[in-house]
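Visitor: Handing you a structure now.
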Amino acid sequence: MSYLPIEDYALIGNMHTAALVGRNGSIDWLCWPTFDAPSVFGRILDDQKGGFFQIEPVHEVRTRRQMYWPETNVLITRFMAADGVAEVVDFMPVGLDPDEHGYHHLIRHVEVIRGEMPLRVTCEPAFNYARDEHKTHVNRHGAVFEAPDETIGLATSVSLKRTKDGVTSTFELERGDRVTFALHPLDDGQPCCAPFSPADEQELLDRTLDYWHRWLRQCTYDGRWREEIYRSALVLKLLTYEPTGAIIAAPTTSLPESIGGVRNWDYRYTWIRDAAFTVYAFLRLGFTEEAKDFIQWLEARSHDRDNDTLQIVYGIDGTKNLTERTLDHLDGYCGSRPVRIGNAAADQLQLDIYGELMDAAYLSNKYSEPISHDLWTELRDLINWVCDNWQRKDEGIWEVRSGRRHFVFSKLMCWVALDRGLRLADKRSFPADRQRWLECRDAIYQDIMDKGWSERRQAFVQHYESDALDASNLIMPLVFFMAPSDPRMIKTLESILRPPSEGGLVSDSLVYRYDTEAVDDGLPGYEGTFNMCTFWMVEALTRAGRTDREKLHRARLKFEKMLGYANHVGLYAEQTGPCGEALGNFPQALTHLALISAAYNLDQTLDEEGIG
């Protein structure tokens, strides 16, 4: 098998874990039983030994289609040939109690809806990132795969036969025939569960569809681009770890930012940086419970601090130890090595996280429910820490591995931390050292204006004593640091909007986060355009468009063009390559969060300006 393009995958999940399902009917990535557990299927990182679970026609088909059941996370993969049409429906049941049959199952059923078709199923798990061998036992109910630390069953009515690494079967279905396969966890020595009856499997499917429909009905958004907004919201819900409310950056690890390169990272964790964007997106759409759960997760991290500071990233259950290791036995996606698990960024200093944290708390207090006194006490201590430490160098939002610098974005978000702290203290009459915070906030502002602005470039730059542009500065008007029509902000926009050949960061409406040839980030190679930054550009232009109609038109055009870079089911990876291909971990939460924010504000501004 050759590697599928990253954009040829869709996602299913149950808010504990998630699986990537290819247009060829193959599950090529699944960590079991949680997002950050070792993989059971990992063919996307090694097409020879990574493991997979595929249902496919025996003969070549003319057309393959993939779509979600409307307004749900239930996936349909359709195979169309001259003699027949078959559909594979993939889902993980949700909304079940732990003692209900189907809890923590992955269910696949295949049905022929026209004509007839011979099909093949192959399930070859590779436990613990393909490091652990397993035993395969076949019985009348399916198969059991027994590894040293984990056992899973595959329940089906189809007769299976063993292969070297798992099981396979070939069977023929006619119109109306349906076969179900259910993957599920087992205790040691436990036999495989009996296959689902057609009625039981249909009930689970109906309950899952109903869950997603009921959840999405909470959405209060009724503006333009509702389909894209709904899909982004559904993705974010899939990336939520239900037991704690944490949201992972992406369900994958080590999908490359450039094919064959080394910019391959593990994103199966929760970044503090995502906090404000997450809370903003959920609250704007009416999902107050999700916003509240995430704030509770943040509060728990605030109570569990070391040396008065926070880590930038945690495990989904609050784990602090995210030691980065390489899996040298895996080839990596299309030979992109190394494959990494864990993330060394957990040990970096990134001052911006306190701004995102305070913005999240401020928004939650304003739009959801009042924050507690205990949380305020923790936040107050963190703001005092910012007052003492904002002048330090750090690794910045992009987690460079070339040493610390005075990054403008880091200073900006320290300003946000002080600004939101002051607003929150005044709003709730909380005790605070207001005079100190006010003086510190003003000092940061002046420092950025004096040292973060380049007269030569006529733009805000990446870090002090640099002339390199950085798309993270697009967020200045979004956090109300700069007026969107301020001459310096407009000039920064114009500088970034130039193509790379002219010193800018934009290629056909897509935005690079910075120029890898002009910036030493400690890593070799190049990367694609950064999807989140493209949506930030849309929002910055939108805000500037309130006083400049031409910029508002540009914002809309760029947004519409960016929507064209989503994959066939509306999902985005972290980056987009030079040929429009998806690069980096997939799908990425921050991109979908930024899409929601950009769409919401663009829609609102178009209405205010009377533009249809």
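Ligands are numbered from 1 in the order shown, residues from 1 within each chain, and chains are lettered A, B, ... in the order they appear in the structure tokens.
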Can you list, as a VMD selection string, every protein, DNA or RNA residue that comes within 8 Å of Leu239 in chain A when you count only C-alpha atoms, leaving out same-chain residues fewer than 6 positions away?
Guide: chain A and resid 15 18 247 to 251 589
Visitor: Any chance you could list, as a PyMOL selection string, the residues in range 340-581 of chain A that come up strand (DSSP E) when DSSP is run on the backbone?
Guide: chain A and resi 340-341+453-454+459-460+506-507+510-511+529-530+575-576
Visitor: For the selection just defined, write its residues with all heavy atoms to a file, as a CSV table (one decimal), in the first residue's frame.
Guide:
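Written out: part-v7.csv:
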```csv
chain,number,residue,atom,x,y,z
A,340,ARG,N,7.7,11.0,16.5
A,340,ARG,CA,7.9,11.4,17.9
A,340,ARG,C,6.6,11.1,18.7
A,340,ARG,O,5.5,11.2,18.2
A,340,ARG,CB,8.2,12.9,18.1
A,340,ARG,CG,9.5,13.3,17.5
A,340,ARG,CD,9.7,14.8,17.7
A,340,ARG,NE,11.0,15.3,17.3
A,340,ARG,CZ,11.4,15.8,16.1
A,340,ARG,NH1,10.5,15.8,15.1
A,340,ARG,NH2,12.6,16.1,15.8
A,341,ILE,N,6.8,10.7,20.0
A,341,ILE,CA,5.8,10.7,21.0
A,341,ILE,C,6.2,11.5,22.2
A,341,ILE,O,7.4,11.5,22.5
A,341,ILE,CB,5.4,9.2,21.4
A,341,ILE,CG1,6.6,8.5,21.9
A,341,ILE,CG2,4.8,8.5,20.2
A,341,ILE,CD1,6.3,7.1,22.5
A,453,TRP,N,8.4,47.4,16.7
A,453,TRP,CA,8.1,48.0,15.5
A,453,TRP,C,9.4,48.3,14.7
A,453,TRP,O,10.4,48.8,15.3
A,453,TRP,CB,7.4,49.3,15.7
A,453,TRP,CG,7.2,50.1,14.4
A,453,TRP,CD1,7.9,51.2,14.0
A,453,TRP,CD2,6.2,50.0,13.4
A,453,TRP,NE1,7.5,51.7,12.8
A,453,TRP,CE2,6.4,50.9,12.4
A,453,TRP,CE3,5.1,49.1,13.3
A,453,TRP,CZ2,5.6,51.1,11.3
A,453,TRP,CZ3,4.3,49.2,12.1
A,453,TRP,CH2,4.5,50.2,11.2
A,454,SER,N,9.4,47.9,13.4
A,454,SER,CA,10.6,48.1,12.6
A,454,SER,C,10.3,49.3,11.6
A,454,SER,O,9.4,49.2,10.8
A,454,SER,CB,10.9,46.9,11.8
A,454,SER,OG,11.9,47.1,10.8
A,459,ALA,N,6.5,47.7,9.9
A,459,ALA,CA,5.7,46.6,10.4
A,459,ALA,C,6.1,46.2,11.8
A,459,ALA,O,7.3,46.4,12.1
A,459,ALA,CB,5.7,45.4,9.4
A,460,PHE,N,5.2,45.6,12.5
A,460,PHE,CA,5.6,44.8,13.7
A,460,PHE,C,6.3,43.6,13.3
A,460,PHE,O,5.9,42.9,12.3
A,460,PHE,CB,4.4,44.5,14.6
A,460,PHE,CG,3.8,45.7,15.3
A,460,PHE,CD1,2.7,46.3,14.8
A,460,PHE,CD2,4.5,46.3,16.4
A,460,PHE,CE1,2.1,47.4,15.4
A,460,PHE,CE2,3.9,47.4,17.0
A,460,PHE,CZ,2.8,48.0,16.5
A,506,VAL,N,2.3,35.9,2.3
A,506,VAL,CA,1.0,35.4,1.7
A,506,VAL,C,1.2,34.9,0.3
A,506,VAL,O,1.8,35.5,-0.6
A,506,VAL,CB,-0.1,36.6,1.7
A,506,VAL,CG1,-1.3,36.1,1.0
A,506,VAL,CG2,-0.4,37.0,3.1
A,507,SER,N,0.7,33.7,0.1
A,507,SER,CA,0.8,33.1,-1.2
A,507,SER,C,-0.6,32.6,-1.6
A,507,SER,O,-1.2,31.7,-1.0
A,507,SER,CB,1.7,31.8,-1.2
A,507,SER,OG,1.7,31.1,-2.4
A,510,LEU,N,-3.1,32.4,1.1
A,510,LEU,CA,-2.7,31.5,2.3
A,510,LEU,C,-1.5,32.2,2.9
A,510,LEU,O,-0.6,32.7,2.3
A,510,LEU,CB,-2.3,30.1,1.8
A,510,LEU,CG,-3.4,29.4,1.0
A,510,LEU,CD1,-2.9,28.0,0.5
A,510,LEU,CD2,-4.6,29.2,1.9
A,511,VAL,N,-1.4,32.1,4.3
A,511,VAL,CA,-0.5,32.8,5.1
A,511,VAL,C,0.6,31.9,5.7
A,511,VAL,O,0.2,30.9,6.4
A,511,VAL,CB,-1.2,33.6,6.2
A,511,VAL,CG1,-0.2,34.5,7.0
A,511,VAL,CG2,-2.2,34.5,5.5
A,529,THR,N,1.9,26.7,4.4
A,529,THR,CA,1.2,27.9,5.0
A,529,THR,C,0.5,27.4,6.2
A,529,THR,O,0.1,26.2,6.3
A,529,THR,CB,0.3,28.5,4.0
A,529,THR,OG1,-0.6,27.5,3.5
A,529,THR,CG2,1.1,29.1,2.8
A,530,PHE,N,0.3,28.3,7.1
A,530,PHE,CA,-0.3,27.9,8.4
A,530,PHE,C,-1.8,28.3,8.4
A,530,PHE,O,-2.1,29.5,8.4
A,530,PHE,CB,0.5,28.7,9.5
A,530,PHE,CG,0.5,27.9,10.8
A,530,PHE,CD1,1.4,26.8,11.0
A,530,PHE,CD2,-0.3,28.2,11.9
A,530,PHE,CE1,1.4,26.1,12.2
A,530,PHE,CE2,-0.3,27.5,13.1
A,530,PHE,CZ,0.6,26.5,13.2
A,575,GLN,N,-1.4,22.7,8.3
A,575,GLN,CA,-0.8,23.5,7.3
A,575,GLN,C,-1.3,23.0,5.9
A,575,GLN,O,-1.9,21.9,5.7
A,575,GLN,CB,0.7,23.4,7.3
A,575,GLN,CG,1.3,23.9,8.6
A,575,GLN,CD,2.8,23.8,8.6
A,575,GLN,OE1,3.5,23.7,7.6
A,575,GLN,NE2,3.4,23.9,9.8
A,576,THR,N,-1.1,23.9,4.9
A,576,THR,CA,-1.4,23.6,3.5
A,576,THR,C,-0.1,23.7,2.7
A,576,THR,O,0.6,24.7,2.8
A,576,THR,CB,-2.5,24.5,2.9
A,576,THR,OG1,-3.7,24.4,3.7
A,576,THR,CG2,-2.8,24.2,1.5
```
Visitor: Please, what distance in Å, to one decimal, runs between CA of Glu399 in chain A and CA of Asn343 in chain A?
Guide: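 CA of Asn343 in chain A lies at a distance of 10.7 Å from CA of Glu399 in chain A.
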Visitor: Determine the nearest neighbour of Tyr230 in chain A from the options A:Val158, A:Val569, A:Ala246, A:Leu583, counting only C-alpha atoms.
Guide: A:Val569
Visitor: Wanna dump the range 24-116 of chain A-range 161-167 of chain A contacts at 12 Å for me, each residue with its shortest atom pair and the distance in Å to one decimal, counting only C-alpha atoms, ordered by chain and number, as CSV?
Guide:
```
residue,atom,partner,partner_atom,distance
A:Phe41,CA,A:Gly166,CA,11.8
A:Gln48,CA,A:Asp165,CA,11.2
A:Lys49,CA,A:Asp165,CA,9.3
A:Gly50,CA,A:Asp165,CA,10.8
A:Gly51,CA,A:Asp165,CA,8.5
A:Phe52,CA,A:Gly166,CA,9.7
A:Phe53,CA,A:Gly166,CA,9.6
A:Gln54,CA,A:Val167,CA,10.8
```
Visitor: According to DSSP computed on the backbone, where in range 370-542 of chain A is there helix (DSSP H, G or I)? Give the residues as a PyMOL selection string.
Guide: chain A and resi 373-389+408-428+434-451+471-475+487-497+500-502+531-542
Visitor: If you count only C-alpha atoms, which residues fall within 7 Å of range 281-292 of chain A, apart from same-chain ones fewer than 4 positions away, as a list in words?
Guide: Gln218, Cys219, Thr220, Tyr221, Phe277, Gln296, Tyr367, Ser368, Leu593, Ile596 and Ser597 of chain A
Visitor: Save out the residues we just selected, C-alpha atoms, as a CSV table (one decimal), in the first residue's frame.
Guide:
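Below is the file that was written, again33.csv:
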```
chain,number,residue,atom,x,y,z
A,218,GLN,CA,-27.6,23.9,21.0
A,219,CYS,CA,-25.7,25.9,18.4
A,220,THR,CA,-27.1,29.5,18.3
A,221,TYR,CA,-25.3,30.5,15.1
A,277,PHE,CA,-9.7,30.5,21.4
A,296,GLN,CA,-12.7,23.8,35.0
A,367,TYR,CA,-20.6,35.1,28.8
A,368,SER,CA,-20.9,31.9,30.7
A,593,LEU,CA,-11.3,27.4,16.2
A,596,ILE,CA,-15.3,29.8,13.7
A,597,SER,CA,-14.0,33.1,15.0
```
Visitor: With a distance cut-off of 10 Å and only C-alpha atoms, select the neighbouring residues of Thr326 in chain A, excluding the residue or stretch itself and same-chain residues fewer than 6 positions from it, and output the selection as number ranges by chain.
Guide: A: 254, 337-342
Visitor: Selection from above, all heavy atoms, as a compact mmCIF listing (two decimals), in the first residue's frame, can you write it?
Guide:
```
# COMPACT_ATOMS: atom_id res chain seq x y z
N SER A 254 3.19 13.31 14.62
CA SER A 254 4.28 13.17 13.65
C SER A 254 3.86 13.21 12.19
O SER A 254 4.66 12.83 11.32
CB SER A 254 5.09 11.89 13.91
OG SER A 254 5.66 11.95 15.20
N ARG A 337 10.84 11.31 8.97
CA ARG A 337 11.34 10.87 10.26
C ARG A 337 12.04 12.03 10.96
O ARG A 337 12.52 12.94 10.31
CB ARG A 337 12.31 9.70 10.08
CG ARG A 337 11.72 8.53 9.31
CD ARG A 337 12.69 7.38 9.14
NE ARG A 337 12.95 6.70 10.41
CZ ARG A 337 13.77 5.66 10.51
NH1 ARG A 337 14.42 5.21 9.44
NH2 ARG A 337 13.96 5.08 11.66
N PRO A 338 12.08 12.00 12.30
CA PRO A 338 11.65 10.91 13.19
C PRO A 338 10.16 10.96 13.51
O PRO A 338 9.51 11.99 13.35
CB PRO A 338 12.47 11.18 14.46
CG PRO A 338 12.59 12.66 14.50
CD PRO A 338 12.75 13.09 13.05
N VAL A 339 9.65 9.81 13.96
CA VAL A 339 8.32 9.75 14.55
C VAL A 339 8.49 10.02 16.04
O VAL A 339 9.28 9.36 16.71
CB VAL A 339 7.67 8.38 14.32
CG1 VAL A 339 6.37 8.26 15.11
CG2 VAL A 339 7.42 8.16 12.84
N ARG A 340 7.75 11.00 16.54
CA ARG A 340 7.90 11.40 17.94
C ARG A 340 6.64 11.09 18.75
O ARG A 340 5.53 11.21 18.25
CB ARG A 340 8.19 12.90 18.05
CG ARG A 340 9.53 13.34 17.48
CD ARG A 340 9.72 14.84 17.66
NE ARG A 340 11.05 15.30 17.29
CZ ARG A 340 11.39 15.75 16.08
NH1 ARG A 340 10.47 15.79 15.13
NH2 ARG A 340 12.62 16.15 15.84
N ILE A 341 6.85 10.72 20.02
CA ILE A 341 5.77 10.67 21.00
C ILE A 341 6.24 11.48 22.20
O ILE A 341 7.43 11.53 22.51
CB ILE A 341 5.40 9.24 21.41
CG1 ILE A 341 6.62 8.48 21.93
CG2 ILE A 341 4.77 8.51 20.24
CD1 ILE A 341 6.28 7.10 22.50
N GLY A 342 5.29 12.16 22.85
CA GLY A 342 5.67 13.13 23.86
C GLY A 342 6.03 14.45 23.19
O GLY A 342 6.13 14.53 21.96
```
Visitor: With only C-alpha atoms as the counted atoms, please give the residues lying no more than 9 Å from Phe481 in chain A, apart from itself and same-chain residues fewer than 4 positions off, as a list in words.
Guide: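 What passes the distance filter is Leu412, Trp415, Val416, Tyr445, Ile475, Met476 and Pro477 of chain A.
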Visitor: Between CA of Ala540 in chain A and CA of Ile490 in chain A, what is the spacing in Å?
Guide: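 Distance between the two atoms: 9.5 Å.
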Visitor: Quick one: everything within 10 Å of His184 in chain A, counting only C-alpha atoms, minus sequence neighbours fewer than 4 positions away in the same chain. Send it as a ChimeraX atom specification.
Guide: /A:32-33,102-107,144,151-155,192-193
Visitor: Considering only C-alpha atoms, can you say which of A:Leu30, A:Val313, A:Ala143, A:Leu375 comes closest to Asp347 in chain A?
Guide: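 Closest candidate: A:Val313.
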Visitor: List the neighbours of Pro38 in chain A out to 7 Å using only C-alpha atoms; skip same-chain residues closer than 3 positions along the sequence, and give me the result as a PyMOL selection string.
Guide: chain A and resi 31-32+128-129
Visitor: Just the selected residues (N, CA and C atoms), exported as a compact mmCIF listing (two decimals), in the first residue's frame, please.
Guide:
```
# COMPACT_ATOMS: atom_id res chain seq x y z
N CYS A 31 -5.54 5.33 18.41
CA CYS A 31 -4.94 5.10 19.72
C CYS A 31 -6.03 4.59 20.65
N TRP A 32 -5.70 3.57 21.43
CA TRP A 32 -6.73 2.88 22.20
C TRP A 32 -6.26 2.70 23.63
N ASN A 128 0.97 -0.93 20.69
CA ASN A 128 2.04 -0.13 21.28
C ASN A 128 2.96 0.44 20.22
N TYR A 129 2.36 1.17 19.26
CA TYR A 129 3.13 1.77 18.16
C TYR A 129 3.93 0.71 17.40
```
Visitor: Distance CA of Asn531 in chain A-CA of Arg556 in chain A, one decimal place?
Guide: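 Here the two named atoms are 15.8 Å from each other.
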Visitor: Could you check the closest approach to Tyr526 in chain A for each of A:Gly403, A:Gly564, A:Pro256, A:Pro370 and tell me which residue wins, using only C-alpha atoms?
Guide: A:Pro256
